[in-house]
Structures are given as structure tokens and as C-alpha cells.
Amino acid sequence: MSVLRWGNTSAFAFLILLAVWVLLYFYFEKTSEKKLNQAFGKKVVPWLRASVSFPKRRLQLVLQVVGGFFLILALARPQMGQSEQEVKSEGVELMIVADVSDSMLAEDVKPSRLQQMKIDLAKLMDLMPGNKTGLIAFAGSAALMSPLTSDPGALKLYIDSLDTYSVSTQGTAFEPALSFAKEAFEKGGVTQSPDLKTTRVILVASDGEDQEEGALEAAKALAKDGAKIITVAYGTEKGGTIPTRDPFGNLTGSKKDKDGNVILTTVKGEFLKSLAEAGEGSFYFASFDGSHLKQIAEDVSHYEKALFDSSMIVQYDEKFAYPLGLGIIILLFSLLITDRKKEPIMWKGRYEY
């Protein structure tokens, strides 16, 4: 047997507005009559209002109240009948390894390499729903910003918070970052077994600048364990300087080396490509139009997916359309009603006081 339920019971609070509307109607009607009596006298007022049909006005008010009542019922979302649906959460385990070294502040791509990377990673979350994703920031050292999570909204907040102060040491050390990613998979990922094996993907977003030794060996070891490494290069081969700013964000110059020369940082695409090849993944140059993001999402979609969670949700059949349609029809009908009499009483003599 179907039971009537309401999806939005708070909408019934609007019934108070209907009561207020009725009270205001009679209040202003009474006030208007009182003012007319004071201005013209009780004997003249009936003649002034002779063309007005008060029963029609009352009918119009009733229709407005009834129509409003049905609209409120529609807002309360009446539901009757239900069905169950199984919702599965499946995908891959993805660990984003984001470069936050000083060289990522270069503005050879606008607004900067770091900002473009953050924008791209946020968009990528929308293109790849269902995966469990984590975030690691790295430079000379690495820091886990977010463990593996199925909540893309929370991950976007961590992505937005990335800056050069996310880690304690500057530089670009890929090997510790990759080792950190492996550890994060083991601690927060699905336990691997012969019956359940999750595809693990490491997405490295960097300019490849100032890399240290050991990264390629670490990538090969991860690939041997079944992980895939995708790399994305940010920056241009022409390169750019690293701007320095005061605490208020005002540009003060460009970063210099110990000899006083302005540092020119260029993207090291060949290294990042080698890193992807060692990790049996793919390499992309970040483009302004974001086409590389679609390609990354497509690559990940081809990897074998694992079932992370399965749950049953109850869906109720919405019936709000019926009171909504009825309420609109009644209100439209109330607009067709005029409060004028067809044959008003005509004046045939003089007033007596």
C-alpha cells in the first residue's frame, strides 16, 4: 500500500502567509469603508460603491487562497510510491602529485604555472567522477595534503590551497614524492588481493625543473607493482623568470641566484616524458584549451576499475505536478473574475441629509 509522504515539510510554513493575506484583505476593506464614510457620509458611500460586487470579490479571494494552498502543497513535494536502486562506486585509485616549487611561480603561462595547474586539477575532478583520489604536494620534500577520498568537493579545497609554502623544503625531488604516493596507497587504498586488485594511477603535475636522481628508478618500481604514472608538463621551453612579491602581493622583482643573476626557469618536458615511460603511463604538455585534461580522463577510463562501495537508495515518486497544475489553473481562473456588477444602480434623485 502506497503511503503519502512529504519531501519538504518546511514548505507548510508558507500557510502562515495565506492567513496573513486574508487578514490584510479584510483589514484594508474595513479601513477603506471607514475612510469613505468619513469623507462622504454613510448615505453617499453605498451609491459610490454601487457598481462593486462584493460576492465576486469574496469569490476571487477564495480562489486565490485555494490556488495558493495548492502551490504550497506542490512546494511540500507530495510523494507516493517508491523504488529501490543500487548505486555502485567504482573507479581507480588516483594520487595527484603536485609540484609546488618556486619555479612553478613562473608566469610564462598565465596566470602562472602553479595557478594553471590548480585550475586544471579542479577541472579534472569533474571529468573523472567515481575515483578515489588523494593529493600530495612536493618540492624538495613532500607532504600529504589529502588521503584517498571519494569526495571531489573536499579535494578541490585542498587543491585550491596549494602554494609554495605547502612543503617545508624547496627544490624538485621526484623520488621522495613517488615513494610518498606508494605509502599513501598502502595506508589509505583498497587492500590488494587475488580477488580484488585496484588500478593505481599517479598523476605528476610539474615543470620538471631541477629534478634529482632516483626518480626514474622509483617510477619503474611502481610500474612493476602495477601502478601507472601520468605526467603533465607546465611551462614553456622559452621559460620565464620567477617573480618575487612583498607581503601585500606587489611585484618587487625577479628571483636571483647566489651570484645575483636573474633565474630563468624552463620546462623539462623530456624528463617528464621519461618519467611517464618508466611508469608505463602517458605524458602530456598542458595546453590553454584544456584538451590534455580530456585525454587524461580518457586514459584513466580505460584502466580496469574496482568496486569501492555499493549501496541501495530509495527513490520516491514525486507527485508535485498535480497540485502545481491545479493551483496554477485556479489562480488563472481568479484573474478572469471581475468585481464589477453587470448593471450598476443609477443615480435618480438628490441626496438627503
# chains A, B, ... in the order shown; residues from 1 in each chain; ligands from 1
>>> select_by_dssp(residues="segment 11-167 of chain A", states="alpha helix (DSSP H)", output="ChimeraX atom specification")
/A:15-40,45-48,54-75,113-127,152-160
>>> residues_around(residues="Leu336 of chain A", least_positions_apart="2", cutoff="12 Å", atoms="only C-alpha atoms", output="ChimeraX atom specification")
/A:56-57,59-60,63-64,329-334,338-340
>>> residues_around(residues="segment 5-15 of chain A", least_positions_apart="4", cutoff="12 Å", atoms="only C-alpha atoms", output="PyMOL selection string")
chain A and resi 19-22+65-82+315-320
>>> residues_around(residues="Lys182 of chain A", least_positions_apart="6", cutoff="10 Å", atoms="only C-alpha atoms", output="short mmCIF file (atom, residue, chain, number, x, y, z; two decimals) with C-alpha atoms, in the first residue's frame")
data_model
loop_
_atom_site.label_atom_id
_atom_site.label_comp_id
_atom_site.auth_asym_id
_atom_site.auth_seq_id
_atom_site.Cartn_x
_atom_site.Cartn_y
_atom_site.Cartn_z
CA MET A 95 47.15 10.03 -6.37
CA PRO A 176 60.52 11.13 -2.29
CA GLY A 189 43.79 2.41 -0.50
CA ARG A 200 46.57 2.71 -9.07
CA ILE A 202 49.93 8.56 -10.07
CA ALA A 218 61.23 4.78 -8.34
CA LEU A 222 55.96 1.44 -9.03
CA ASP A 225 53.87 -3.20 -8.68
CA ALA A 227 50.89 1.42 -10.80
#
>>> atom_distance(atom1="atom CA of Ala233 of chain A", atom2="atom CA of Ser101 of chain A")
13.7 Å
>>> residues_around(residues="Met117 of chain A", least_positions_apart="3", cutoff="8 Å", atoms="only C-alpha atoms", output="PyMOL selection string")
chain A and resi 113-114+120-121+205+234
>>> closest_residue(among="A:Gly214, A:Pro46, A:Gly153, A:Gly240", to="Ala278 of chain A", atoms="only C-alpha atoms")
A:Gly214
>>> closest_residue(among="A:Glu186, A:Glu217, A:Glu33, A:Glu237", to="Asp108 of chain A", atoms="only C-alpha atoms")
A:Glu237
>>> residues_around(residues="Thr265 of chain A", least_positions_apart="2", cutoff="9 Å", atoms="only C-alpha atoms", output="PyMOL selection string")
chain A and resi 103-104+106+207+209+235+237-242+263+267
>>> residues_around(residues="Pro152 of chain A", least_positions_apart="2", cutoff="8 Å", atoms="only C-alpha atoms", output="list in words")
Met125, Asp126, Pro129, Thr133, Thr149, Ser150, Ala154, Leu155 and Lys156 of chain A
>>> atom_distance(atom1="atom CA of Lys341 of chain A", atom2="atom CA of Arg49 of chain A")
10.2 Å
>>> decode(residues="segment 161-315 of chain A", atoms="C-alpha atoms", output="compact mmCIF listing (two decimals), in the first residue's frame")
# COMPACT_ATOMS: atom_id res chain seq x y z
CA SER A 161 45.13 25.69 -1.01
CA LEU A 162 48.32 24.59 -2.81
CA ASP A 163 51.16 27.12 -2.72
CA THR A 164 54.94 27.17 -2.33
CA TYR A 165 54.51 27.08 1.46
CA SER A 166 52.72 23.71 1.37
CA VAL A 167 56.07 21.98 1.91
CA SER A 168 59.00 22.86 4.13
CA THR A 169 61.86 22.45 1.64
CA GLN A 170 62.28 23.88 -1.84
CA GLY A 171 63.74 22.07 -4.84
CA THR A 172 62.15 19.42 -7.06
CA ALA A 173 62.66 15.94 -5.59
CA PHE A 174 60.52 13.45 -7.50
CA GLU A 175 61.78 10.27 -5.83
CA PRO A 176 60.52 11.13 -2.29
CA ALA A 177 57.19 12.26 -3.76
CA LEU A 178 56.70 8.96 -5.62
CA SER A 179 57.65 6.99 -2.51
CA PHE A 180 55.17 9.08 -0.54
CA ALA A 181 52.47 8.22 -3.09
CA LYS A 182 53.20 4.49 -2.75
CA GLU A 183 52.94 4.77 1.03
CA ALA A 184 49.63 6.70 0.76
CA PHE A 185 48.21 3.95 -1.47
CA GLU A 186 49.19 1.25 1.02
CA LYS A 187 47.74 3.12 4.02
CA GLY A 188 44.56 4.53 2.53
CA GLY A 189 43.79 2.41 -0.50
CA VAL A 190 41.92 -0.83 -1.02
CA THR A 191 43.87 -3.85 0.20
CA GLN A 192 45.14 -5.70 -2.84
CA SER A 193 44.32 -9.39 -3.16
CA PRO A 194 43.95 -12.00 -5.91
CA ASP A 195 40.16 -11.39 -5.81
CA LEU A 196 40.32 -7.59 -5.71
CA LYS A 197 43.04 -5.63 -7.44
CA THR A 198 42.67 -1.88 -7.86
CA THR A 199 44.38 0.04 -10.64
CA ARG A 200 46.57 2.71 -9.07
CA VAL A 201 47.47 5.83 -11.02
CA ILE A 202 49.93 8.56 -10.07
CA LEU A 203 49.41 11.89 -11.83
CA VAL A 204 52.52 14.07 -11.66
CA ALA A 205 51.91 17.75 -12.46
CA SER A 206 55.19 19.66 -12.70
CA ASP A 207 57.54 21.72 -14.81
CA GLY A 208 60.28 19.07 -14.37
CA GLU A 209 62.75 21.72 -13.24
CA ASP A 210 65.78 20.87 -11.06
CA GLN A 211 64.96 17.18 -10.76
CA GLU A 212 67.15 15.00 -8.55
CA GLU A 213 68.34 11.44 -9.14
CA GLY A 214 66.35 8.33 -8.30
CA ALA A 215 63.02 9.34 -9.83
CA LEU A 216 63.17 7.01 -12.86
CA GLU A 217 64.14 4.02 -10.71
CA ALA A 218 61.23 4.78 -8.34
CA ALA A 219 58.84 5.03 -11.31
CA LYS A 220 59.99 1.65 -12.66
CA ALA A 221 59.50 0.05 -9.23
CA LEU A 222 55.96 1.44 -9.03
CA ALA A 223 55.16 0.19 -12.53
CA LYS A 224 56.41 -3.25 -11.52
CA ASP A 225 53.87 -3.20 -8.68
CA GLY A 226 51.09 -2.37 -11.16
CA ALA A 227 50.89 1.42 -10.80
CA LYS A 228 50.65 3.74 -13.80
CA ILE A 229 52.33 7.16 -13.93
CA ILE A 230 50.89 10.02 -15.98
CA THR A 231 52.90 13.22 -16.19
CA VAL A 232 51.77 16.71 -17.22
CA ALA A 233 54.28 19.45 -18.05
CA TYR A 234 53.54 23.07 -17.13
CA GLY A 235 55.53 25.90 -18.65
CA THR A 236 57.20 26.73 -21.95
CA GLU A 237 60.55 25.84 -23.47
CA LYS A 238 61.28 29.56 -23.73
CA GLY A 239 60.83 29.76 -19.98
CA GLY A 240 60.27 32.68 -17.68
CA THR A 241 61.54 34.42 -14.59
CA ILE A 242 60.26 33.74 -11.08
CA PRO A 243 58.58 36.88 -9.72
CA THR A 244 59.11 37.99 -6.13
CA ARG A 245 56.42 39.85 -4.22
CA ASP A 246 56.06 41.69 -0.94
CA PRO A 247 53.64 40.53 1.81
CA PHE A 248 50.88 42.56 0.12
CA GLY A 249 51.30 40.77 -3.22
CA ASN A 250 53.01 43.65 -5.02
CA LEU A 251 55.68 42.71 -7.55
CA THR A 252 59.16 43.58 -6.30
CA GLY A 253 61.35 41.96 -8.94
CA SER A 254 62.58 38.53 -10.04
CA LYS A 255 64.30 35.78 -8.11
CA LYS A 256 68.09 35.67 -8.48
CA ASP A 257 70.74 33.04 -7.87
CA LYS A 258 73.59 33.33 -5.38
CA ASP A 259 75.68 35.23 -7.96
CA GLY A 260 72.97 37.88 -8.41
CA ASN A 261 71.81 36.69 -11.82
CA VAL A 262 68.08 36.53 -12.63
CA ILE A 263 66.92 32.92 -12.71
CA LEU A 264 65.30 31.75 -15.94
CA THR A 265 63.29 28.59 -15.48
CA THR A 266 62.27 26.39 -18.41
CA VAL A 267 60.05 23.33 -18.61
CA LYS A 268 61.84 19.98 -18.75
CA GLY A 269 59.39 18.05 -20.88
CA GLU A 270 61.86 15.34 -21.87
CA PHE A 271 62.43 14.34 -18.26
CA LEU A 272 58.70 14.19 -17.52
CA LYS A 273 58.19 12.12 -20.66
CA SER A 274 60.91 9.71 -19.50
CA LEU A 275 59.24 9.52 -16.10
CA ALA A 276 55.91 8.57 -17.72
CA GLU A 277 57.60 5.94 -19.90
CA ALA A 278 59.31 4.43 -16.86
CA GLY A 279 55.93 4.34 -15.13
CA GLU A 280 54.24 2.76 -18.18
CA GLY A 281 51.89 5.71 -18.45
CA SER A 282 51.49 8.72 -20.70
CA PHE A 283 52.89 12.23 -20.96
CA TYR A 284 51.10 15.49 -21.83
CA PHE A 285 52.01 19.13 -22.26
CA ALA A 286 49.43 21.33 -20.53
CA SER A 287 47.54 23.36 -23.11
CA PHE A 288 45.49 26.51 -22.61
CA ASP A 289 42.36 24.95 -24.13
CA GLY A 290 42.44 22.08 -21.64
CA SER A 291 42.43 19.36 -24.32
CA HIS A 292 45.05 17.41 -22.34
CA LEU A 293 42.55 17.02 -19.48
CA LYS A 294 40.07 15.16 -21.69
CA GLN A 295 42.87 12.90 -22.91
CA ILE A 296 43.95 12.13 -19.34
CA ALA A 297 40.36 11.36 -18.33
CA GLU A 298 40.03 9.07 -21.35
CA ASP A 299 43.27 7.27 -20.48
CA VAL A 300 42.12 6.69 -16.90
CA SER A 301 38.70 5.48 -18.08
CA HIS A 302 40.40 2.66 -19.98
CA TYR A 303 42.10 1.30 -16.86
CA GLU A 304 40.47 -1.59 -15.04
CA LYS A 305 38.10 -0.31 -12.38
CA ALA A 306 37.36 -1.73 -8.96
CA LEU A 307 34.12 -1.62 -6.98
CA PHE A 308 34.72 0.58 -3.92
CA ASP A 309 31.23 0.60 -2.47
CA SER A 310 27.69 -0.48 -3.21
CA SER A 311 24.53 0.74 -1.53
CA MET A 312 20.78 0.73 -2.05
CA ILE A 313 18.97 4.06 -2.26
CA VAL A 314 15.22 4.58 -2.11
CA GLN A 315 13.65 6.83 -4.72
